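**Student:** This is the content of protein.cif (mmCIF, N, CA and C atoms):
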```
data_structure
loop_
_atom_site.label_atom_id
_atom_site.label_comp_id
_atom_site.auth_asym_id
_atom_site.auth_seq_id
_atom_site.Cartn_x
_atom_site.Cartn_y
_atom_site.Cartn_z
N MET A 1 0.84 -1.18 0.00
CA MET A 1 0.00 0.00 0.00
C MET A 1 0.88 1.24 0.00
N LYS A 2 0.34 2.28 -0.53
CA LYS A 2 1.09 3.52 -0.59
C LYS A 2 0.89 4.31 0.69
N LYS A 3 1.86 5.19 0.97
CA LYS A 3 1.81 5.99 2.20
C LYS A 3 0.55 6.84 2.28
N GLY A 4 0.13 7.40 1.17
CA GLY A 4 -1.05 8.26 1.15
C GLY A 4 -2.30 7.50 1.58
N ARG A 5 -2.46 6.30 1.06
CA ARG A 5 -3.63 5.48 1.41
C ARG A 5 -3.56 5.07 2.88
N LEU A 6 -2.38 4.72 3.36
CA LEU A 6 -2.24 4.36 4.76
C LEU A 6 -2.58 5.53 5.67
N SER A 7 -2.21 6.73 5.27
CA SER A 7 -2.53 7.92 6.06
C SER A 7 -4.04 8.13 6.12
N GLU A 8 -4.74 7.87 5.01
CA GLU A 8 -6.20 7.98 4.99
C GLU A 8 -6.83 6.99 5.96
N ILE A 9 -6.30 5.76 5.97
CA ILE A 9 -6.83 4.72 6.85
C ILE A 9 -6.63 5.13 8.31
N VAL A 10 -5.48 5.71 8.62
CA VAL A 10 -5.21 6.16 9.99
C VAL A 10 -6.25 7.18 10.41
N LYS A 11 -6.55 8.14 9.56
CA LYS A 11 -7.54 9.17 9.89
C LYS A 11 -8.92 8.56 10.11
N GLU A 12 -9.29 7.59 9.27
CA GLU A 12 -10.59 6.94 9.43
C GLU A 12 -10.68 6.16 10.73
N LEU A 13 -9.60 5.44 11.08
CA LEU A 13 -9.61 4.66 12.31
C LEU A 13 -9.63 5.55 13.55
N GLU A 14 -8.93 6.67 13.49
CA GLU A 14 -8.94 7.59 14.63
C GLU A 14 -10.34 8.14 14.89
N GLY A 15 -11.07 8.39 13.83
CA GLY A 15 -12.41 8.94 13.97
C GLY A 15 -13.46 7.88 14.31
N ALA A 16 -13.18 6.61 14.07
CA ALA A 16 -14.18 5.56 14.24
C ALA A 16 -14.54 5.32 15.70
N SER A 17 -13.59 4.93 16.51
CA SER A 17 -13.87 4.67 17.92
C SER A 17 -12.55 4.49 18.67
N LYS A 18 -12.67 4.38 19.97
CA LYS A 18 -11.47 4.19 20.79
C LYS A 18 -10.84 2.83 20.52
N MET A 19 -11.66 1.86 20.15
CA MET A 19 -11.16 0.52 19.89
C MET A 19 -10.17 0.52 18.73
N HIS A 20 -10.44 1.33 17.74
CA HIS A 20 -9.58 1.37 16.56
C HIS A 20 -8.38 2.31 16.72
N LEU A 21 -8.32 3.02 17.82
CA LEU A 21 -7.22 3.95 18.04
C LEU A 21 -5.87 3.23 18.06
N LYS A 22 -5.83 2.06 18.69
CA LYS A 22 -4.59 1.29 18.74
C LYS A 22 -4.15 0.87 17.34
N GLN A 23 -5.12 0.44 16.53
CA GLN A 23 -4.80 0.05 15.16
C GLN A 23 -4.25 1.23 14.37
N SER A 24 -4.84 2.39 14.56
CA SER A 24 -4.37 3.56 13.81
C SER A 24 -2.96 3.94 14.23
N LYS A 25 -2.64 3.79 15.50
CA LYS A 25 -1.28 4.10 15.96
C LYS A 25 -0.27 3.11 15.41
N GLU A 26 -0.65 1.84 15.32
CA GLU A 26 0.25 0.83 14.76
C GLU A 26 0.54 1.11 13.28
N ILE A 27 -0.49 1.45 12.55
CA ILE A 27 -0.30 1.75 11.13
C ILE A 27 0.54 3.02 10.96
N GLU A 28 0.29 4.00 11.81
CA GLU A 28 1.05 5.24 11.74
C GLU A 28 2.53 5.01 12.02
N SER A 29 2.84 4.13 12.98
CA SER A 29 4.25 3.82 13.25
C SER A 29 4.87 3.07 12.08
N HIS A 30 4.07 2.24 11.41
CA HIS A 30 4.57 1.52 10.24
C HIS A 30 4.89 2.49 9.10
N ILE A 31 4.07 3.51 8.94
CA ILE A 31 4.31 4.52 7.89
C ILE A 31 5.63 5.22 8.15
N LYS A 32 5.91 5.52 9.41
CA LYS A 32 7.17 6.20 9.74
C LYS A 32 8.37 5.31 9.48
N ASP A 33 8.19 3.99 9.65
CA ASP A 33 9.29 3.05 9.43
C ASP A 33 9.57 2.78 7.96
N MET A 34 8.60 3.06 7.11
CA MET A 34 8.77 2.81 5.68
C MET A 34 9.81 3.77 5.11
N LYS A 35 10.72 3.24 4.33
CA LYS A 35 11.74 4.06 3.69
C LYS A 35 11.54 4.02 2.20
N SER A 36 11.96 5.06 1.54
CA SER A 36 11.89 5.06 0.09
C SER A 36 13.03 4.18 -0.44
N PRO A 37 12.90 3.62 -1.63
CA PRO A 37 13.95 2.76 -2.17
C PRO A 37 15.30 3.47 -2.30
N LEU A 38 15.29 4.78 -2.46
CA LEU A 38 16.55 5.50 -2.60
C LEU A 38 17.31 5.54 -1.29
N GLU A 39 16.61 5.54 -0.17
CA GLU A 39 17.28 5.58 1.13
C GLU A 39 17.92 4.25 1.48
N LYS A 40 17.47 3.16 0.88
CA LYS A 40 17.97 1.83 1.21
C LYS A 40 19.31 1.53 0.54
N LYS A 41 19.67 2.28 -0.46
CA LYS A 41 20.88 1.98 -1.22
C LYS A 41 22.07 2.72 -0.61
N ASP A 42 23.01 1.95 -0.08
CA ASP A 42 24.19 2.55 0.55
C ASP A 42 25.33 2.69 -0.46
N ALA A 43 26.48 3.12 0.03
CA ALA A 43 27.63 3.35 -0.84
C ALA A 43 28.11 2.06 -1.50
N CYS A 44 28.07 0.96 -0.75
CA CYS A 44 28.50 -0.31 -1.32
C CYS A 44 27.59 -0.74 -2.47
N TYR A 45 26.30 -0.54 -2.29
CA TYR A 45 25.36 -0.89 -3.36
C TYR A 45 25.70 -0.13 -4.63
N LYS A 46 25.97 1.13 -4.49
CA LYS A 46 26.25 1.96 -5.66
C LYS A 46 27.57 1.57 -6.32
N LYS A 47 28.60 1.29 -5.52
CA LYS A 47 29.90 0.93 -6.09
C LYS A 47 29.84 -0.42 -6.80
N VAL A 48 29.19 -1.39 -6.16
CA VAL A 48 29.10 -2.73 -6.75
C VAL A 48 28.22 -2.71 -7.99
N ALA A 49 27.13 -1.96 -7.95
CA ALA A 49 26.23 -1.89 -9.10
C ALA A 49 26.94 -1.27 -10.31
N ALA A 50 27.83 -0.34 -10.06
CA ALA A 50 28.56 0.28 -11.15
C ALA A 50 29.52 -0.71 -11.81
N ARG A 51 30.08 -1.60 -11.01
CA ARG A 51 31.04 -2.56 -11.54
C ARG A 51 30.35 -3.78 -12.17
N TYR A 52 29.31 -4.30 -11.49
CA TYR A 52 28.61 -5.49 -11.96
C TYR A 52 27.25 -5.08 -12.50
N LYS A 53 27.18 -4.77 -13.76
CA LYS A 53 25.93 -4.35 -14.37
C LYS A 53 25.12 -5.58 -14.79
N GLY A 54 23.86 -5.38 -15.02
CA GLY A 54 23.05 -6.49 -15.53
C GLY A 54 22.22 -7.16 -14.46
N GLY A 55 21.68 -6.43 -13.52
CA GLY A 55 20.78 -7.02 -12.53
C GLY A 55 21.50 -7.79 -11.45
N ASN A 56 20.75 -8.60 -10.76
CA ASN A 56 21.30 -9.36 -9.65
C ASN A 56 22.02 -10.60 -10.15
N SER A 57 23.09 -10.94 -9.48
CA SER A 57 23.81 -12.15 -9.80
C SER A 57 24.55 -12.59 -8.55
N ALA A 58 25.05 -13.81 -8.58
CA ALA A 58 25.80 -14.32 -7.43
C ALA A 58 27.10 -13.54 -7.25
N TYR A 59 27.73 -13.16 -8.34
CA TYR A 59 28.97 -12.39 -8.25
C TYR A 59 28.71 -11.04 -7.60
N ARG A 60 27.64 -10.40 -8.03
CA ARG A 60 27.29 -9.08 -7.49
C ARG A 60 26.94 -9.19 -6.01
N SER A 61 26.21 -10.21 -5.64
CA SER A 61 25.83 -10.41 -4.24
C SER A 61 27.07 -10.65 -3.37
N GLY A 62 27.98 -11.47 -3.86
CA GLY A 62 29.23 -11.73 -3.13
C GLY A 62 30.07 -10.48 -2.98
N ALA A 63 30.12 -9.68 -4.03
CA ALA A 63 30.88 -8.44 -3.98
C ALA A 63 30.26 -7.47 -2.97
N MET A 64 28.94 -7.48 -2.89
CA MET A 64 28.24 -6.61 -1.94
C MET A 64 28.61 -6.99 -0.51
N VAL A 65 28.66 -8.28 -0.24
CA VAL A 65 29.02 -8.77 1.10
C VAL A 65 30.44 -8.36 1.44
N LYS A 66 31.35 -8.56 0.49
CA LYS A 66 32.75 -8.20 0.74
C LYS A 66 32.92 -6.70 0.95
N CYS A 67 32.20 -5.91 0.18
CA CYS A 67 32.28 -4.46 0.31
C CYS A 67 31.79 -4.02 1.68
N ARG A 68 30.67 -4.56 2.12
CA ARG A 68 30.13 -4.17 3.43
C ARG A 68 31.03 -4.64 4.56
N LYS A 69 31.79 -5.70 4.33
CA LYS A 69 32.69 -6.21 5.36
C LYS A 69 33.90 -5.30 5.55
N VAL A 70 34.48 -4.81 4.46
CA VAL A 70 35.68 -3.97 4.56
C VAL A 70 35.36 -2.48 4.54
N GLY A 71 34.17 -2.13 4.12
CA GLY A 71 33.80 -0.72 4.04
C GLY A 71 33.92 -0.22 2.61
N ALA A 72 33.03 0.69 2.25
CA ALA A 72 32.98 1.17 0.87
C ALA A 72 34.24 1.93 0.49
N ALA A 73 34.85 2.60 1.45
CA ALA A 73 36.05 3.39 1.15
C ALA A 73 37.22 2.49 0.77
N ASN A 74 37.28 1.27 1.33
CA ASN A 74 38.40 0.37 1.09
C ASN A 74 38.13 -0.68 0.03
N TRP A 75 36.87 -0.91 -0.34
CA TRP A 75 36.54 -1.97 -1.28
C TRP A 75 36.95 -1.57 -2.69
N GLY A 76 37.56 -2.52 -3.38
CA GLY A 76 37.94 -2.29 -4.77
C GLY A 76 39.35 -1.77 -4.94
N ASN A 77 39.99 -1.40 -3.85
CA ASN A 77 41.37 -0.93 -3.94
C ASN A 77 42.29 -2.15 -3.87
N SER A 78 43.30 -2.18 -4.73
CA SER A 78 44.22 -3.30 -4.70
C SER A 78 45.10 -3.18 -3.46
N SER A 79 45.40 -4.32 -2.87
CA SER A 79 46.23 -4.30 -1.66
C SER A 79 47.68 -4.10 -2.06
N LYS A 80 48.40 -3.33 -1.27
CA LYS A 80 49.81 -3.05 -1.54
C LYS A 80 50.64 -3.91 -0.61
N LYS A 81 51.47 -4.77 -1.20
CA LYS A 81 52.31 -5.66 -0.39
C LYS A 81 53.76 -5.29 -0.51
#
```
Can the structure in the file be given as structure tokens, please?
**Tutor:**
Amino acid sequence: MKKGRLSEIVKELEGASKMHLKQSKEIESHIKDMKSPLEKKDACYKKVAARYKGGNSAYRSGAMVKCRKVGAANWGNSSKK
């Protein structure tokens, strides 16, 4: 459901009765917890997506794990020995 529709439901439940007040508060807290897809993408996602194009793959997923383990600033840099 979209945030706008959920907000409408909250208003309707608040006006209905005291019994529905708890439900409206639960839905309202859920709306606050919802994030837009742009907020979910961190620096590692962006770096790995730039290197591994073409949707999801096992290689891309593995690279994402490695990047998050070492940090986006250090991932992809060759080690100097």
**Student:** When you look at Met64 (chain A) with a cut-off of 6.5 Å (counting all atoms listed in the file), what residues show up, excluding the ones that are within fewer than 5 positions of it in the same chain? I need them as a count of residues only.
**Tutor:** 5
**Student:** One decimal, Å: what's the distance from CA of Ala63 (chain A) over to CA of Asp33 (chain A), could you say?
**Tutor:**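 Separation of CA of Ala63 (chain A) and CA of Asp33 (chain A): 27.9 Å.
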**Student:** Figure out the distance between CA of Asp42 (chain A) and CA of Lys25 (chain A), please, to one decimal in Å.
**Tutor:**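 About the pair CA of Lys25 (chain A) and CA of Asp42 (chain A): they are 29.8 Å apart.
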**Student:** Write out as a PDB file with N, CA and C atoms, in the coordinates of the input all residues of chain A that DSSP puts in helix (DSSP H, G or I) for this structure's backbone.
**Tutor:**
```
ATOM      1  N   LYS A   3       1.860   5.190   0.970  1.00  0.00           N
ATOM      2  CA  LYS A   3       1.810   5.990   2.200  1.00  0.00           C
ATOM      3  C   LYS A   3       0.550   6.840   2.280  1.00  0.00           C
ATOM      4  N   GLY A   4       0.130   7.400   1.170  1.00  0.00           N
ATOM      5  CA  GLY A   4      -1.050   8.260   1.150  1.00  0.00           C
ATOM      6  C   GLY A   4      -2.300   7.500   1.580  1.00  0.00           C
ATOM      7  N   ARG A   5      -2.460   6.300   1.060  1.00  0.00           N
ATOM      8  CA  ARG A   5      -3.630   5.480   1.410  1.00  0.00           C
ATOM      9  C   ARG A   5      -3.560   5.070   2.880  1.00  0.00           C
ATOM     10  N   LEU A   6      -2.380   4.720   3.360  1.00  0.00           N
ATOM     11  CA  LEU A   6      -2.240   4.360   4.760  1.00  0.00           C
ATOM     12  C   LEU A   6      -2.580   5.530   5.670  1.00  0.00           C
ATOM     13  N   SER A   7      -2.210   6.730   5.270  1.00  0.00           N
ATOM     14  CA  SER A   7      -2.530   7.920   6.060  1.00  0.00           C
ATOM     15  C   SER A   7      -4.040   8.130   6.120  1.00  0.00           C
ATOM     16  N   GLU A   8      -4.740   7.870   5.010  1.00  0.00           N
ATOM     17  CA  GLU A   8      -6.200   7.980   4.990  1.00  0.00           C
ATOM     18  C   GLU A   8      -6.830   6.990   5.960  1.00  0.00           C
ATOM     19  N   ILE A   9      -6.300   5.760   5.970  1.00  0.00           N
ATOM     20  CA  ILE A   9      -6.830   4.720   6.850  1.00  0.00           C
ATOM     21  C   ILE A   9      -6.630   5.130   8.310  1.00  0.00           C
ATOM     22  N   VAL A  10      -5.480   5.710   8.620  1.00  0.00           N
ATOM     23  CA  VAL A  10      -5.210   6.160   9.990  1.00  0.00           C
ATOM     24  C   VAL A  10      -6.250   7.180  10.410  1.00  0.00           C
ATOM     25  N   LYS A  11      -6.550   8.140   9.560  1.00  0.00           N
ATOM     26  CA  LYS A  11      -7.540   9.170   9.890  1.00  0.00           C
ATOM     27  C   LYS A  11      -8.920   8.560  10.110  1.00  0.00           C
ATOM     28  N   GLU A  12      -9.290   7.590   9.270  1.00  0.00           N
ATOM     29  CA  GLU A  12     -10.590   6.940   9.430  1.00  0.00           C
ATOM     30  C   GLU A  12     -10.680   6.160  10.730  1.00  0.00           C
ATOM     31  N   LEU A  13      -9.600   5.440  11.080  1.00  0.00           N
ATOM     32  CA  LEU A  13      -9.610   4.660  12.310  1.00  0.00           C
ATOM     33  C   LEU A  13      -9.630   5.550  13.550  1.00  0.00           C
ATOM     34  N   GLU A  14      -8.930   6.670  13.490  1.00  0.00           N
ATOM     35  CA  GLU A  14      -8.940   7.590  14.630  1.00  0.00           C
ATOM     36  C   GLU A  14     -10.340   8.140  14.890  1.00  0.00           C
ATOM     37  N   GLY A  15     -11.070   8.390  13.830  1.00  0.00           N
ATOM     38  CA  GLY A  15     -12.410   8.940  13.970  1.00  0.00           C
ATOM     39  C   GLY A  15     -13.460   7.880  14.310  1.00  0.00           C
ATOM     40  N   ALA A  16     -13.180   6.610  14.070  1.00  0.00           N
ATOM     41  CA  ALA A  16     -14.180   5.560  14.240  1.00  0.00           C
ATOM     42  C   ALA A  16     -14.540   5.320  15.700  1.00  0.00           C
ATOM     43  N   LEU A  21      -8.320   3.020  17.820  1.00  0.00           N
ATOM     44  CA  LEU A  21      -7.220   3.950  18.040  1.00  0.00           C
ATOM     45  C   LEU A  21      -5.870   3.230  18.060  1.00  0.00           C
ATOM     46  N   LYS A  22      -5.830   2.060  18.690  1.00  0.00           N
ATOM     47  CA  LYS A  22      -4.590   1.290  18.740  1.00  0.00           C
ATOM     48  C   LYS A  22      -4.150   0.870  17.340  1.00  0.00           C
ATOM     49  N   GLN A  23      -5.120   0.440  16.530  1.00  0.00           N
ATOM     50  CA  GLN A  23      -4.800   0.050  15.160  1.00  0.00           C
ATOM     51  C   GLN A  23      -4.250   1.230  14.370  1.00  0.00           C
ATOM     52  N   SER A  24      -4.840   2.390  14.560  1.00  0.00           N
ATOM     53  CA  SER A  24      -4.370   3.560  13.810  1.00  0.00           C
ATOM     54  C   SER A  24      -2.960   3.940  14.230  1.00  0.00           C
ATOM     55  N   LYS A  25      -2.640   3.790  15.500  1.00  0.00           N
ATOM     56  CA  LYS A  25      -1.280   4.100  15.960  1.00  0.00           C
ATOM     57  C   LYS A  25      -0.270   3.110  15.410  1.00  0.00           C
ATOM     58  N   GLU A  26      -0.650   1.840  15.320  1.00  0.00           N
ATOM     59  CA  GLU A  26       0.250   0.830  14.760  1.00  0.00           C
ATOM     60  C   GLU A  26       0.540   1.110  13.280  1.00  0.00           C
ATOM     61  N   ILE A  27      -0.490   1.450  12.550  1.00  0.00           N
ATOM     62  CA  ILE A  27      -0.300   1.750  11.130  1.00  0.00           C
ATOM     63  C   ILE A  27       0.540   3.020  10.960  1.00  0.00           C
ATOM     64  N   GLU A  28       0.290   4.000  11.810  1.00  0.00           N
ATOM     65  CA  GLU A  28       1.050   5.240  11.740  1.00  0.00           C
ATOM     66  C   GLU A  28       2.530   5.010  12.020  1.00  0.00           C
ATOM     67  N   SER A  29       2.840   4.130  12.980  1.00  0.00           N
ATOM     68  CA  SER A  29       4.250   3.820  13.250  1.00  0.00           C
ATOM     69  C   SER A  29       4.870   3.070  12.080  1.00  0.00           C
ATOM     70  N   HIS A  30       4.070   2.240  11.410  1.00  0.00           N
ATOM     71  CA  HIS A  30       4.570   1.520  10.240  1.00  0.00           C
ATOM     72  C   HIS A  30       4.890   2.490   9.100  1.00  0.00           C
ATOM     73  N   ILE A  31       4.070   3.510   8.940  1.00  0.00           N
ATOM     74  CA  ILE A  31       4.310   4.520   7.890  1.00  0.00           C
ATOM     75  C   ILE A  31       5.630   5.220   8.150  1.00  0.00           C
ATOM     76  N   LYS A  32       5.910   5.520   9.410  1.00  0.00           N
ATOM     77  CA  LYS A  32       7.170   6.200   9.740  1.00  0.00           C
ATOM     78  C   LYS A  32       8.370   5.310   9.480  1.00  0.00           C
ATOM     79  N   ASP A  33       8.190   3.990   9.650  1.00  0.00           N
ATOM     80  CA  ASP A  33       9.290   3.050   9.430  1.00  0.00           C
ATOM     81  C   ASP A  33       9.570   2.780   7.960  1.00  0.00           C
ATOM     82  N   PRO A  37      12.900   3.620  -1.630  1.00  0.00           N
ATOM     83  CA  PRO A  37      13.950   2.760  -2.170  1.00  0.00           C
ATOM     84  C   PRO A  37      15.300   3.470  -2.300  1.00  0.00           C
ATOM     85  N   LEU A  38      15.290   4.780  -2.460  1.00  0.00           N
ATOM     86  CA  LEU A  38      16.550   5.500  -2.600  1.00  0.00           C
ATOM     87  C   LEU A  38      17.310   5.540  -1.290  1.00  0.00           C
ATOM     88  N   GLU A  39      16.610   5.540  -0.170  1.00  0.00           N
ATOM     89  CA  GLU A  39      17.280   5.580   1.130  1.00  0.00           C
ATOM     90  C   GLU A  39      17.920   4.250   1.480  1.00  0.00           C
ATOM     91  N   LYS A  40      17.470   3.160   0.880  1.00  0.00           N
ATOM     92  CA  LYS A  40      17.970   1.830   1.210  1.00  0.00           C
ATOM     93  C   LYS A  40      19.310   1.530   0.540  1.00  0.00           C
ATOM     94  N   ALA A  43      26.480   3.120   0.030  1.00  0.00           N
ATOM     95  CA  ALA A  43      27.630   3.350  -0.840  1.00  0.00           C
ATOM     96  C   ALA A  43      28.110   2.060  -1.500  1.00  0.00           C
ATOM     97  N   CYS A  44      28.070   0.960  -0.750  1.00  0.00           N
ATOM     98  CA  CYS A  44      28.500  -0.310  -1.320  1.00  0.00           C
ATOM     99  C   CYS A  44      27.590  -0.740  -2.470  1.00  0.00           C
ATOM    100  N   TYR A  45      26.300  -0.540  -2.290  1.00  0.00           N
ATOM    101  CA  TYR A  45      25.360  -0.890  -3.360  1.00  0.00           C
ATOM    102  C   TYR A  45      25.700  -0.130  -4.630  1.00  0.00           C
ATOM    103  N   LYS A  46      25.970   1.130  -4.490  1.00  0.00           N
ATOM    104  CA  LYS A  46      26.250   1.960  -5.660  1.00  0.00           C
ATOM    105  C   LYS A  46      27.570   1.570  -6.320  1.00  0.00           C
ATOM    106  N   LYS A  47      28.600   1.290  -5.520  1.00  0.00           N
ATOM    107  CA  LYS A  47      29.900   0.930  -6.090  1.00  0.00           C
ATOM    108  C   LYS A  47      29.840  -0.420  -6.800  1.00  0.00           C
ATOM    109  N   VAL A  48      29.190  -1.390  -6.160  1.00  0.00           N
ATOM    110  CA  VAL A  48      29.100  -2.730  -6.750  1.00  0.00           C
ATOM    111  C   VAL A  48      28.220  -2.710  -7.990  1.00  0.00           C
ATOM    112  N   ALA A  49      27.130  -1.960  -7.950  1.00  0.00           N
ATOM    113  CA  ALA A  49      26.230  -1.890  -9.100  1.00  0.00           C
ATOM    114  C   ALA A  49      26.940  -1.270 -10.310  1.00  0.00           C
ATOM    115  N   ALA A  50      27.830  -0.340 -10.060  1.00  0.00           N
ATOM    116  CA  ALA A  50      28.560   0.280 -11.150  1.00  0.00           C
ATOM    117  C   ALA A  50      29.520  -0.710 -11.810  1.00  0.00           C
ATOM    118  N   ARG A  51      30.080  -1.600 -11.010  1.00  0.00           N
ATOM    119  CA  ARG A  51      31.040  -2.560 -11.540  1.00  0.00           C
ATOM    120  C   ARG A  51      30.350  -3.780 -12.170  1.00  0.00           C
ATOM    121  N   ALA A  58      25.050 -13.810  -8.580  1.00  0.00           N
ATOM    122  CA  ALA A  58      25.800 -14.320  -7.430  1.00  0.00           C
ATOM    123  C   ALA A  58      27.100 -13.540  -7.250  1.00  0.00           C
ATOM    124  N   TYR A  59      27.730 -13.160  -8.340  1.00  0.00           N
ATOM    125  CA  TYR A  59      28.970 -12.390  -8.250  1.00  0.00           C
ATOM    126  C   TYR A  59      28.710 -11.040  -7.600  1.00  0.00           C
ATOM    127  N   ARG A  60      27.640 -10.400  -8.030  1.00  0.00           N
ATOM    128  CA  ARG A  60      27.290  -9.080  -7.490  1.00  0.00           C
ATOM    129  C   ARG A  60      26.940  -9.190  -6.010  1.00  0.00           C
ATOM    130  N   SER A  61      26.210 -10.210  -5.640  1.00  0.00           N
ATOM    131  CA  SER A  61      25.830 -10.410  -4.240  1.00  0.00           C
ATOM    132  C   SER A  61      27.070 -10.650  -3.370  1.00  0.00           C
ATOM    133  N   GLY A  62      27.980 -11.470  -3.860  1.00  0.00           N
ATOM    134  CA  GLY A  62      29.230 -11.730  -3.130  1.00  0.00           C
ATOM    135  C   GLY A  62      30.070 -10.480  -2.980  1.00  0.00           C
ATOM    136  N   ALA A  63      30.120  -9.680  -4.030  1.00  0.00           N
ATOM    137  CA  ALA A  63      30.880  -8.440  -3.980  1.00  0.00           C
ATOM    138  C   ALA A  63      30.260  -7.470  -2.970  1.00  0.00           C
ATOM    139  N   MET A  64      28.940  -7.480  -2.890  1.00  0.00           N
ATOM    140  CA  MET A  64      28.240  -6.610  -1.940  1.00  0.00           C
ATOM    141  C   MET A  64      28.610  -6.990  -0.510  1.00  0.00           C
ATOM    142  N   VAL A  65      28.660  -8.280  -0.240  1.00  0.00           N
ATOM    143  CA  VAL A  65      29.020  -8.770   1.100  1.00  0.00           C
ATOM    144  C   VAL A  65      30.440  -8.360   1.440  1.00  0.00           C
ATOM    145  N   LYS A  66      31.350  -8.560   0.490  1.00  0.00           N
ATOM    146  CA  LYS A  66      32.750  -8.200   0.740  1.00  0.00           C
ATOM    147  C   LYS A  66      32.920  -6.700   0.950  1.00  0.00           C
ATOM    148  N   CYS A  67      32.200  -5.910   0.180  1.00  0.00           N
ATOM    149  CA  CYS A  67      32.280  -4.460   0.310  1.00  0.00           C
ATOM    150  C   CYS A  67      31.790  -4.020   1.680  1.00  0.00           C
ATOM    151  N   ARG A  68      30.670  -4.560   2.120  1.00  0.00           N
ATOM    152  CA  ARG A  68      30.130  -4.170   3.430  1.00  0.00           C
ATOM    153  C   ARG A  68      31.030  -4.640   4.560  1.00  0.00           C
ATOM    154  N   LYS A  69      31.790  -5.700   4.330  1.00  0.00           N
ATOM    155  CA  LYS A  69      32.690  -6.210   5.360  1.00  0.00           C
ATOM    156  C   LYS A  69      33.900  -5.300   5.550  1.00  0.00           C
ATOM    157  N   VAL A  70      34.480  -4.810   4.460  1.00  0.00           N
ATOM    158  CA  VAL A  70      35.680  -3.970   4.560  1.00  0.00           C
ATOM    159  C   VAL A  70      35.360  -2.480   4.540  1.00  0.00           C
TER     160      VAL A  70
END
```
**Student:** Need the neighbours of (28.6, -7.9, -9.6): which residues are at most 12 Å away, counting only C-alpha atoms, as a VMD selection string?
**Tutor:** chain A and resid 44 to 67 76
**Student:** Quote the spacing between CA of Ile31 (chain A) and CA of Glu8 (chain A) in Å to one decimal place.
**Tutor:** 11.4 Å
